[in-house]
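model_24.cif, holding mmCIF, N, CA and C atoms:
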data_upload
loop_
_atom_site.label_atom_id
_atom_site.label_comp_id
_atom_site.auth_asym_id
_atom_site.auth_seq_id
_atom_site.Cartn_x
_atom_site.Cartn_y
_atom_site.Cartn_z
N MET A 1 26.18 -1.32 -10.43
CA MET A 1 25.17 -0.87 -9.50
C MET A 1 25.76 -0.94 -8.09
N SER A 2 25.60 0.13 -7.34
CA SER A 2 26.17 0.17 -5.99
C SER A 2 25.31 -0.65 -5.02
N GLU A 3 25.90 -0.94 -3.88
CA GLU A 3 25.20 -1.71 -2.85
C GLU A 3 23.93 -0.98 -2.39
N SER A 4 24.01 0.35 -2.26
CA SER A 4 22.83 1.11 -1.82
C SER A 4 21.74 1.11 -2.90
N GLU A 5 22.13 1.12 -4.18
CA GLU A 5 21.13 1.05 -5.25
C GLU A 5 20.46 -0.32 -5.29
N ILE A 6 21.24 -1.35 -5.06
CA ILE A 6 20.69 -2.71 -5.00
C ILE A 6 19.70 -2.82 -3.84
N LEU A 7 20.11 -2.31 -2.68
CA LEU A 7 19.23 -2.34 -1.52
C LEU A 7 17.93 -1.59 -1.81
N GLU A 8 18.03 -0.41 -2.37
CA GLU A 8 16.83 0.40 -2.66
C GLU A 8 15.90 -0.32 -3.63
N THR A 9 16.44 -0.99 -4.63
CA THR A 9 15.63 -1.76 -5.58
C THR A 9 14.85 -2.86 -4.87
N HIS A 10 15.53 -3.59 -4.00
CA HIS A 10 14.86 -4.68 -3.28
C HIS A 10 13.84 -4.15 -2.27
N LEU A 11 14.16 -3.05 -1.62
CA LEU A 11 13.20 -2.46 -0.68
C LEU A 11 11.94 -2.00 -1.42
N GLN A 12 12.11 -1.42 -2.61
CA GLN A 12 10.96 -1.00 -3.41
C GLN A 12 10.08 -2.19 -3.76
N GLU A 13 10.69 -3.28 -4.17
CA GLU A 13 9.93 -4.49 -4.52
C GLU A 13 9.19 -5.03 -3.31
N LEU A 14 9.84 -5.04 -2.16
CA LEU A 14 9.23 -5.55 -0.95
C LEU A 14 8.04 -4.69 -0.53
N ARG A 15 8.17 -3.38 -0.66
CA ARG A 15 7.12 -2.46 -0.22
C ARG A 15 5.93 -2.39 -1.18
N ARG A 16 6.16 -2.69 -2.45
CA ARG A 16 5.11 -2.52 -3.46
C ARG A 16 3.82 -3.24 -3.07
N GLY A 17 3.91 -4.49 -2.70
CA GLY A 17 2.73 -5.25 -2.32
C GLY A 17 2.12 -4.80 -1.01
N THR A 18 2.97 -4.33 -0.09
CA THR A 18 2.43 -3.89 1.20
C THR A 18 1.62 -2.62 1.04
N VAL A 19 1.94 -1.78 0.06
CA VAL A 19 1.17 -0.55 -0.17
C VAL A 19 -0.23 -0.91 -0.66
N VAL A 20 -0.34 -1.93 -1.51
CA VAL A 20 -1.65 -2.39 -1.97
C VAL A 20 -2.50 -2.79 -0.76
N LEU A 21 -1.94 -3.63 0.09
CA LEU A 21 -2.66 -4.10 1.27
C LEU A 21 -3.01 -2.93 2.19
N ALA A 22 -2.08 -2.03 2.42
CA ALA A 22 -2.34 -0.88 3.28
C ALA A 22 -3.48 -0.03 2.72
N CYS A 23 -3.50 0.20 1.42
CA CYS A 23 -4.58 0.98 0.80
C CYS A 23 -5.93 0.31 1.00
N LEU A 24 -5.99 -0.97 0.74
CA LEU A 24 -7.25 -1.70 0.90
C LEU A 24 -7.75 -1.61 2.34
N ARG A 25 -6.87 -1.71 3.28
CA ARG A 25 -7.28 -1.66 4.69
C ARG A 25 -7.62 -0.24 5.13
N LEU A 26 -6.82 0.73 4.73
CA LEU A 26 -7.10 2.12 5.13
C LEU A 26 -8.39 2.64 4.48
N LEU A 27 -8.68 2.19 3.28
CA LEU A 27 -9.87 2.70 2.58
C LEU A 27 -11.15 1.98 2.98
N GLU A 28 -11.10 1.18 4.04
CA GLU A 28 -12.34 0.69 4.61
C GLU A 28 -13.15 1.89 5.09
N THR A 29 -12.45 2.96 5.45
CA THR A 29 -13.04 4.26 5.71
C THR A 29 -12.76 5.10 4.47
N PRO A 30 -13.80 5.66 3.82
CA PRO A 30 -13.56 6.38 2.56
C PRO A 30 -12.50 7.46 2.70
N GLY A 31 -11.71 7.61 1.65
CA GLY A 31 -10.67 8.63 1.62
C GLY A 31 -10.34 9.02 0.21
N TYR A 32 -9.70 10.16 0.06
CA TYR A 32 -9.28 10.63 -1.25
C TYR A 32 -7.77 10.47 -1.38
N GLY A 33 -7.30 10.55 -2.61
CA GLY A 33 -5.91 10.23 -2.92
C GLY A 33 -4.87 10.94 -2.07
N TYR A 34 -4.94 12.27 -2.01
CA TYR A 34 -3.89 13.00 -1.30
C TYR A 34 -3.92 12.69 0.20
N GLY A 35 -5.10 12.60 0.77
CA GLY A 35 -5.23 12.25 2.19
C GLY A 35 -4.67 10.86 2.46
N LEU A 36 -4.93 9.93 1.53
CA LEU A 36 -4.41 8.58 1.66
C LEU A 36 -2.89 8.58 1.57
N LEU A 37 -2.35 9.37 0.66
CA LEU A 37 -0.90 9.48 0.51
C LEU A 37 -0.26 9.93 1.82
N GLU A 38 -0.86 10.94 2.46
CA GLU A 38 -0.34 11.43 3.74
C GLU A 38 -0.46 10.36 4.84
N GLU A 39 -1.61 9.69 4.88
CA GLU A 39 -1.83 8.66 5.91
C GLU A 39 -0.86 7.50 5.73
N LEU A 40 -0.63 7.09 4.50
CA LEU A 40 0.34 6.02 4.24
C LEU A 40 1.72 6.42 4.77
N GLY A 41 2.11 7.65 4.48
CA GLY A 41 3.41 8.15 4.96
C GLY A 41 3.51 8.16 6.48
N ARG A 42 2.44 8.62 7.13
CA ARG A 42 2.43 8.65 8.60
C ARG A 42 2.56 7.25 9.19
N ARG A 43 2.07 6.27 8.47
CA ARG A 43 2.08 4.90 8.98
C ARG A 43 3.29 4.09 8.50
N GLY A 44 4.22 4.76 7.80
CA GLY A 44 5.47 4.11 7.41
C GLY A 44 5.46 3.48 6.03
N PHE A 45 4.41 3.73 5.23
CA PHE A 45 4.34 3.20 3.87
C PHE A 45 4.68 4.33 2.91
N LEU A 46 5.97 4.59 2.75
CA LEU A 46 6.40 5.70 1.92
C LEU A 46 6.13 5.39 0.45
N THR A 47 5.39 6.25 -0.18
CA THR A 47 5.08 6.12 -1.60
C THR A 47 4.90 7.52 -2.15
N ASP A 48 4.79 7.64 -3.46
CA ASP A 48 4.57 8.95 -4.04
C ASP A 48 3.31 8.92 -4.90
N ALA A 49 2.87 10.10 -5.28
CA ALA A 49 1.62 10.24 -6.04
C ALA A 49 1.69 9.49 -7.36
N ASN A 50 2.85 9.46 -7.99
CA ASN A 50 3.00 8.77 -9.29
C ASN A 50 2.84 7.25 -9.15
N THR A 51 2.96 6.75 -7.96
CA THR A 51 2.73 5.33 -7.69
C THR A 51 1.30 5.11 -7.21
N LEU A 52 0.84 5.99 -6.31
CA LEU A 52 -0.45 5.78 -5.66
C LEU A 52 -1.64 5.91 -6.61
N TYR A 53 -1.69 6.98 -7.40
CA TYR A 53 -2.88 7.21 -8.22
C TYR A 53 -3.10 6.12 -9.27
N PRO A 54 -2.06 5.65 -9.97
CA PRO A 54 -2.29 4.50 -10.86
C PRO A 54 -2.72 3.25 -10.10
N LEU A 55 -2.20 3.06 -8.89
CA LEU A 55 -2.59 1.92 -8.07
C LEU A 55 -4.08 2.00 -7.73
N LEU A 56 -4.54 3.18 -7.33
CA LEU A 56 -5.96 3.35 -7.01
C LEU A 56 -6.84 3.06 -8.22
N ARG A 57 -6.44 3.56 -9.38
CA ARG A 57 -7.22 3.30 -10.61
C ARG A 57 -7.23 1.81 -10.94
N ARG A 58 -6.09 1.15 -10.78
CA ARG A 58 -6.01 -0.29 -11.06
C ARG A 58 -6.90 -1.08 -10.11
N LEU A 59 -6.85 -0.76 -8.81
CA LEU A 59 -7.68 -1.46 -7.84
C LEU A 59 -9.17 -1.22 -8.10
N GLU A 60 -9.49 -0.01 -8.54
CA GLU A 60 -10.89 0.28 -8.88
C GLU A 60 -11.31 -0.54 -10.11
N LYS A 61 -10.47 -0.59 -11.12
CA LYS A 61 -10.77 -1.36 -12.33
C LYS A 61 -10.94 -2.84 -12.01
N GLN A 62 -10.17 -3.35 -11.04
CA GLN A 62 -10.25 -4.75 -10.62
C GLN A 62 -11.46 -5.02 -9.73
N GLY A 63 -12.19 -3.97 -9.35
CA GLY A 63 -13.36 -4.15 -8.50
C GLY A 63 -13.05 -4.18 -7.01
N CYS A 64 -11.83 -3.85 -6.64
CA CYS A 64 -11.43 -3.87 -5.23
C CYS A 64 -11.76 -2.56 -4.51
N LEU A 65 -11.95 -1.50 -5.27
CA LEU A 65 -12.32 -0.20 -4.73
C LEU A 65 -13.53 0.32 -5.48
N THR A 66 -14.33 1.12 -4.81
CA THR A 66 -15.37 1.90 -5.47
C THR A 66 -14.98 3.36 -5.30
N SER A 67 -15.57 4.22 -6.11
CA SER A 67 -15.26 5.64 -5.96
C SER A 67 -16.48 6.48 -6.27
N GLU A 68 -16.45 7.68 -5.74
CA GLU A 68 -17.48 8.67 -6.07
C GLU A 68 -16.88 10.05 -5.88
N TRP A 69 -17.39 10.98 -6.65
CA TRP A 69 -16.91 12.35 -6.57
C TRP A 69 -17.67 13.10 -5.51
N ASN A 70 -16.97 13.83 -4.68
CA ASN A 70 -17.58 14.72 -3.71
C ASN A 70 -17.41 16.14 -4.26
N THR A 71 -18.52 16.75 -4.59
CA THR A 71 -18.48 18.10 -5.16
C THR A 71 -19.02 19.13 -4.17
N ASP A 72 -19.15 18.75 -2.89
CA ASP A 72 -19.66 19.67 -1.87
C ASP A 72 -18.66 20.77 -1.53
N GLU A 73 -17.38 20.48 -1.70
CA GLU A 73 -16.34 21.46 -1.38
C GLU A 73 -15.99 22.28 -2.62
N SER A 74 -15.17 23.31 -2.44
CA SER A 74 -14.79 24.17 -3.56
C SER A 74 -14.03 23.39 -4.63
N ARG A 75 -13.28 22.38 -4.20
CA ARG A 75 -12.51 21.57 -5.14
C ARG A 75 -13.05 20.14 -5.11
N PRO A 76 -13.59 19.66 -6.22
CA PRO A 76 -14.12 18.29 -6.24
C PRO A 76 -13.01 17.28 -5.94
N ARG A 77 -13.37 16.25 -5.17
CA ARG A 77 -12.42 15.20 -4.83
C ARG A 77 -13.06 13.84 -5.09
N LYS A 78 -12.24 12.94 -5.57
CA LYS A 78 -12.70 11.58 -5.80
C LYS A 78 -12.39 10.77 -4.55
N PHE A 79 -13.44 10.25 -3.91
CA PHE A 79 -13.28 9.45 -2.71
C PHE A 79 -13.34 7.97 -3.07
N TYR A 80 -12.45 7.22 -2.48
CA TYR A 80 -12.38 5.78 -2.70
C TYR A 80 -12.81 5.05 -1.44
N ARG A 81 -13.36 3.86 -1.65
CA ARG A 81 -13.73 2.99 -0.53
C ARG A 81 -13.47 1.55 -0.97
N THR A 82 -13.00 0.74 -0.03
CA THR A 82 -12.77 -0.67 -0.33
C THR A 82 -14.12 -1.36 -0.54
N SER A 83 -14.24 -2.06 -1.64
CA SER A 83 -15.48 -2.79 -1.96
C SER A 83 -15.52 -4.10 -1.18
N ASP A 84 -16.63 -4.81 -1.29
CA ASP A 84 -16.72 -6.12 -0.64
C ASP A 84 -15.64 -7.06 -1.17
N ALA A 85 -15.41 -7.03 -2.48
CA ALA A 85 -14.35 -7.87 -3.07
C ALA A 85 -12.99 -7.44 -2.53
N GLY A 86 -12.78 -6.14 -2.36
CA GLY A 86 -11.53 -5.63 -1.82
C GLY A 86 -11.33 -6.02 -0.37
N LEU A 87 -12.42 -6.06 0.39
CA LEU A 87 -12.33 -6.50 1.80
C LEU A 87 -11.92 -7.96 1.88
N ARG A 88 -12.49 -8.79 1.00
CA ARG A 88 -12.12 -10.21 0.98
C ARG A 88 -10.66 -10.36 0.58
N LEU A 89 -10.24 -9.59 -0.44
CA LEU A 89 -8.84 -9.64 -0.87
C LEU A 89 -7.91 -9.20 0.26
N ALA A 90 -8.27 -8.11 0.93
CA ALA A 90 -7.44 -7.60 2.03
C ALA A 90 -7.31 -8.64 3.14
N ALA A 91 -8.40 -9.33 3.45
CA ALA A 91 -8.35 -10.36 4.50
C ALA A 91 -7.41 -11.49 4.09
N THR A 92 -7.51 -11.92 2.83
CA THR A 92 -6.65 -13.00 2.34
C THR A 92 -5.19 -12.56 2.32
N LEU A 93 -4.93 -11.35 1.83
CA LEU A 93 -3.55 -10.84 1.79
C LEU A 93 -2.99 -10.66 3.19
N THR A 94 -3.81 -10.21 4.12
CA THR A 94 -3.36 -10.03 5.50
C THR A 94 -2.97 -11.38 6.11
N ASP A 95 -3.81 -12.37 5.90
CA ASP A 95 -3.49 -13.72 6.40
C ASP A 95 -2.19 -14.23 5.81
N ASP A 96 -2.02 -14.05 4.51
CA ASP A 96 -0.81 -14.51 3.84
C ASP A 96 0.41 -13.74 4.33
N PHE A 97 0.27 -12.43 4.50
CA PHE A 97 1.37 -11.61 5.00
C PHE A 97 1.80 -12.08 6.38
N ARG A 98 0.82 -12.36 7.23
CA ARG A 98 1.14 -12.84 8.58
C ARG A 98 1.85 -14.19 8.53
N ALA A 99 1.41 -15.07 7.62
CA ALA A 99 2.07 -16.38 7.48
C ALA A 99 3.50 -16.21 6.99
N ILE A 100 3.71 -15.29 6.07
CA ILE A 100 5.07 -15.02 5.57
C ILE A 100 5.95 -14.47 6.70
N THR A 101 5.39 -13.58 7.51
CA THR A 101 6.14 -13.02 8.63
C THR A 101 6.57 -14.12 9.60
N VAL A 102 5.66 -15.03 9.91
CA VAL A 102 5.99 -16.15 10.79
C VAL A 102 7.09 -17.01 10.17
N ALA A 103 6.96 -17.28 8.87
CA ALA A 103 7.96 -18.11 8.18
C ALA A 103 9.33 -17.44 8.18
N ILE A 104 9.36 -16.14 7.95
CA ILE A 104 10.64 -15.41 7.95
C ILE A 104 11.24 -15.39 9.35
N ASP A 105 10.39 -15.16 10.35
CA ASP A 105 10.87 -15.17 11.74
C ASP A 105 11.46 -16.51 12.13
N ALA A 106 10.99 -17.59 11.50
CA ALA A 106 11.47 -18.94 11.83
C ALA A 106 12.79 -19.27 11.12
N LEU A 107 13.21 -18.44 10.18
CA LEU A 107 14.48 -18.68 9.50
C LEU A 107 15.63 -18.43 10.46
N PRO A 108 16.72 -19.15 10.29
CA PRO A 108 17.85 -18.94 11.21
C PRO A 108 18.49 -17.57 11.00
N ASP A 109 18.89 -16.97 12.10
CA ASP A 109 19.59 -15.69 12.05
C ASP A 109 21.08 -15.86 11.81
N SER A 110 21.59 -17.08 11.89
CA SER A 110 23.02 -17.32 11.80
C SER A 110 23.59 -16.82 10.47
N ALA A 111 22.85 -16.97 9.39
CA ALA A 111 23.35 -16.51 8.09
C ALA A 111 23.51 -15.00 8.07
N ILE A 112 22.57 -14.29 8.70
CA ILE A 112 22.63 -12.83 8.74
C ILE A 112 23.80 -12.37 9.59
N SER A 113 23.93 -12.93 10.79
CA SER A 113 25.01 -12.49 11.68
C SER A 113 26.37 -12.88 11.14
N THR A 114 26.49 -13.96 10.36
CA THR A 114 27.76 -14.34 9.76
C THR A 114 28.18 -13.32 8.72
N GLU A 115 27.21 -12.84 7.93
CA GLU A 115 27.54 -11.85 6.89
C GLU A 115 27.94 -10.51 7.50
N GLU A 116 27.35 -10.17 8.65
CA GLU A 116 27.65 -8.89 9.26
C GLU A 116 29.04 -8.86 9.89
N ASN A 117 29.58 -10.01 10.25
CA ASN A 117 30.90 -10.05 10.91
C ASN A 117 32.02 -9.98 9.94
#
Rewrite the structure from the file as C-alpha coordinates, please.
Amino acid sequence: MSESEILETHLQELRRGTVVLACLRLLETPGYGYGLLEELGRRGFLTDANTLYPLLRRLEKQGCLTSEWNTDESRPRKFYRTSDAGLRLAATLTDDFRAITVAIDALPDSAISTEEN
(Lines of atoms letter the chains of each structure in order from A and count residues from 1; the text may use other names and numbers.)
(Lines give C-alpha, C1' and ligand atoms only; values in the text may rest on other atoms or scores of the structure.)
Protein backbone atom coordinates (compact mmCIF):
# COMPACT_ATOMS: atom_id res chain seq x y z
CA MET A 1 0.00 0.00 0.00
CA SER A 2 1.43 3.38 -0.99
CA GLU A 3 1.85 6.29 1.39
CA SER A 4 -0.95 8.21 -0.37
CA GLU A 5 -3.31 5.20 -0.06
CA ILE A 6 -2.51 4.91 3.64
CA LEU A 7 -3.15 8.62 4.10
CA GLU A 8 -6.47 8.43 2.23
CA THR A 9 -7.60 5.48 4.38
CA HIS A 10 -6.88 7.37 7.59
CA LEU A 11 -8.48 10.57 6.31
CA GLN A 12 -11.64 8.60 5.44
CA GLU A 13 -11.78 7.16 8.95
CA LEU A 14 -11.26 10.57 10.51
CA ARG A 15 -13.99 12.19 8.38
CA ARG A 16 -16.58 9.43 8.81
CA GLY A 17 -17.67 10.55 12.27
CA THR A 18 -17.53 14.23 11.43
CA VAL A 19 -20.04 13.70 8.59
CA VAL A 20 -22.51 12.20 11.09
CA LEU A 21 -22.15 15.24 13.33
CA ALA A 22 -22.37 17.66 10.39
CA CYS A 23 -25.58 16.00 9.16
CA LEU A 24 -27.21 16.17 12.58
CA ARG A 25 -26.36 19.85 12.91
CA LEU A 26 -27.24 20.85 9.35
CA LEU A 27 -30.57 19.02 9.49
CA GLU A 28 -31.76 21.13 12.39
CA THR A 29 -33.24 22.91 9.37
CA PRO A 30 -35.10 20.32 7.27
CA GLY A 31 -33.35 19.22 4.11
CA TYR A 32 -33.36 16.50 1.50
CA GLY A 33 -30.52 14.18 0.59
CA TYR A 34 -29.12 15.81 -2.53
CA GLY A 35 -29.30 19.32 -1.06
CA LEU A 36 -27.55 18.04 2.06
CA LEU A 37 -24.86 16.40 -0.06
CA GLU A 38 -24.17 19.74 -1.78
CA GLU A 39 -24.19 21.67 1.52
CA LEU A 40 -21.78 19.20 3.11
CA GLY A 41 -19.42 19.66 0.16
CA ARG A 42 -19.63 23.46 0.35
CA ARG A 43 -18.71 23.27 4.03
CA GLY A 44 -15.72 20.97 3.48
CA PHE A 45 -17.31 17.61 4.39
CA LEU A 46 -16.63 15.74 1.17
CA THR A 47 -18.81 12.65 0.89
CA ASP A 48 -20.72 10.86 -1.82
CA ALA A 49 -24.30 9.70 -2.22
CA ASN A 50 -23.35 6.06 -1.61
CA THR A 51 -22.17 7.09 1.85
CA LEU A 52 -24.77 9.74 2.68
CA TYR A 53 -28.05 7.96 1.92
CA PRO A 54 -27.29 4.85 4.01
CA LEU A 55 -26.12 7.19 6.80
CA LEU A 56 -29.42 9.10 6.68
CA ARG A 57 -31.41 5.85 6.82
CA ARG A 58 -29.31 4.59 9.73
CA LEU A 59 -29.73 7.83 11.69
CA GLU A 60 -33.47 7.73 11.04
CA LYS A 61 -33.68 4.10 12.21
CA GLN A 62 -31.76 5.09 15.37
CA GLY A 63 -34.31 7.85 16.05
CA CYS A 64 -31.84 10.68 15.45
CA LEU A 65 -33.66 11.94 12.35
CA THR A 66 -37.30 12.16 11.33
CA SER A 67 -38.45 12.27 7.74
CA GLU A 68 -41.45 13.09 5.63
CA TRP A 69 -42.17 13.10 1.94
CA ASN A 70 -42.84 16.39 0.20
CA THR A 71 -45.05 15.72 -2.80
CA ASP A 72 -45.84 19.39 -3.57
CA GLU A 73 -43.21 19.52 -6.31
CA SER A 74 -43.12 17.55 -9.57
CA ARG A 75 -40.59 15.16 -8.04
CA PRO A 76 -41.33 13.86 -4.53
CA ARG A 77 -38.49 14.40 -2.07
CA LYS A 78 -37.87 12.91 1.33
CA PHE A 79 -37.03 15.67 3.81
CA TYR A 80 -35.07 14.90 6.95
CA ARG A 81 -34.95 16.80 10.22
CA THR A 82 -32.90 16.21 13.34
CA SER A 83 -35.13 14.80 16.09
CA ASP A 84 -34.95 15.77 19.75
CA ALA A 85 -32.81 12.68 20.37
CA GLY A 86 -30.59 13.71 17.44
CA LEU A 87 -30.21 17.22 18.86
CA ARG A 88 -29.08 15.78 22.20
CA LEU A 89 -26.66 13.45 20.40
CA ALA A 90 -25.31 16.33 18.28
CA ALA A 91 -24.73 18.43 21.41
CA THR A 92 -22.86 15.58 23.11
CA LEU A 93 -20.79 14.81 20.00
CA THR A 94 -19.99 18.50 19.52
CA ASP A 95 -18.77 18.79 23.11
CA ASP A 96 -16.66 15.66 22.72
CA PHE A 97 -15.26 16.84 19.37
CA ARG A 98 -14.25 20.15 20.94
CA ALA A 99 -12.58 18.32 23.84
CA ILE A 100 -10.67 16.12 21.39
CA THR A 101 -9.57 19.21 19.44
CA VAL A 102 -8.25 20.81 22.63
CA ALA A 103 -6.44 17.58 23.56
CA ILE A 104 -4.85 17.29 20.11
CA ASP A 105 -3.82 20.95 20.16
CA ALA A 106 -2.09 20.30 23.50
CA LEU A 107 0.06 17.51 22.04
CA PRO A 108 3.65 18.47 21.31
CA ASP A 109 4.46 19.49 17.76
CA SER A 110 8.06 18.31 18.12
CA ALA A 111 7.25 14.80 16.91
CA ILE A 112 5.61 16.17 13.76
CA SER A 113 8.40 18.61 12.91
CA THR A 114 11.04 15.92 13.56
CA GLU A 115 9.40 13.59 11.02
CA GLU A 116 9.16 16.36 8.43
CA ASN A 117 12.91 17.14 8.59
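Relative to atom CA of Cys64 of chain A, atom CA of Leu89 of chain A is found at 7.7 Å.
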Fewer than 6 positions away in the same chain doesn't count, so skip those; otherwise give me all residues within 6.5 Å of segment 26-43 of chain A, counting all atoms listed in the file, as a PyMOL selection string.
chain A and resi 77-82
Using all atoms listed in the file, what does the table of segment 59-106 of chain A residues within 7 Å of segment 6-25 of chain A look like, with each row giving the shortest atom pair and its distance in Å to one decimal, sorted by chain and ascending number, as a Markdown table?
| residue | atom | partner | partner_atom | distance |
| --- | --- | --- | --- | --- |
| A:Thr82 | CA | A:Leu24 | CA | 5.7 |
| A:Gly86 | C | A:Leu24 | CA | 6.1 |
| A:Leu87 | CA | A:Leu24 | C | 6.7 |
| A:Ala90 | CA | A:Leu21 | CA | 6.0 |
| A:Leu93 | CA | A:Leu21 | CA | 6.8 |
| A:Thr94 | N | A:Leu21 | CA | 6.8 |
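In this model, the gap between atom CA of Arg88 of chain A and atom CA of Gly63 of chain A comes to 11.3 Å.
When atom CA of Arg75 of chain A is paired with atom C of Arg58 of chain A, their separation reads 23.9 Å.
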Would you compute, for all listed atoms of segment 33-43 of chain A, the axis-aligned bounding box grown by 6 Å on each side, and then report its centre and edge lengths in Å rounded to one decimal, as lines of an AutoDock Vina configuration file?
center_x = -1.9
center_y = 8.5
center_z = 3.1
size_x = 22.8
size_y = 20.9
size_z = 24.1
Calculated over only N, CA and C atoms, which of the candidates A:Ala99, A:Ile104, A:Leu65, A:Leu56 has the smallest distance to Ala85 of chain A?
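Residue with the minimum atom-to-atom distance to Ala85 of chain A: A:Leu65.
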Which parts of chain A does DSSP call strand (DSSP E or B) when run on the backbone here, written out as a list in words?
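After running DSSP on the backbone, chain A has strand (DSSP E or B) at Gly31, Tyr32, Leu65, Thr66, Ser67, Glu68, Trp69, Asn70, Arg77, Lys78, Phe79, Tyr80, Arg81 and Thr82 of chain A.
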If you run DSSP on this backbone, which residues of segment 22-99 of chain A come out as helix (DSSP H, G or I), and could you give them as a VMD selection string?
chain A and resid 22 to 26 33 to 42 49 to 61 84 to 99
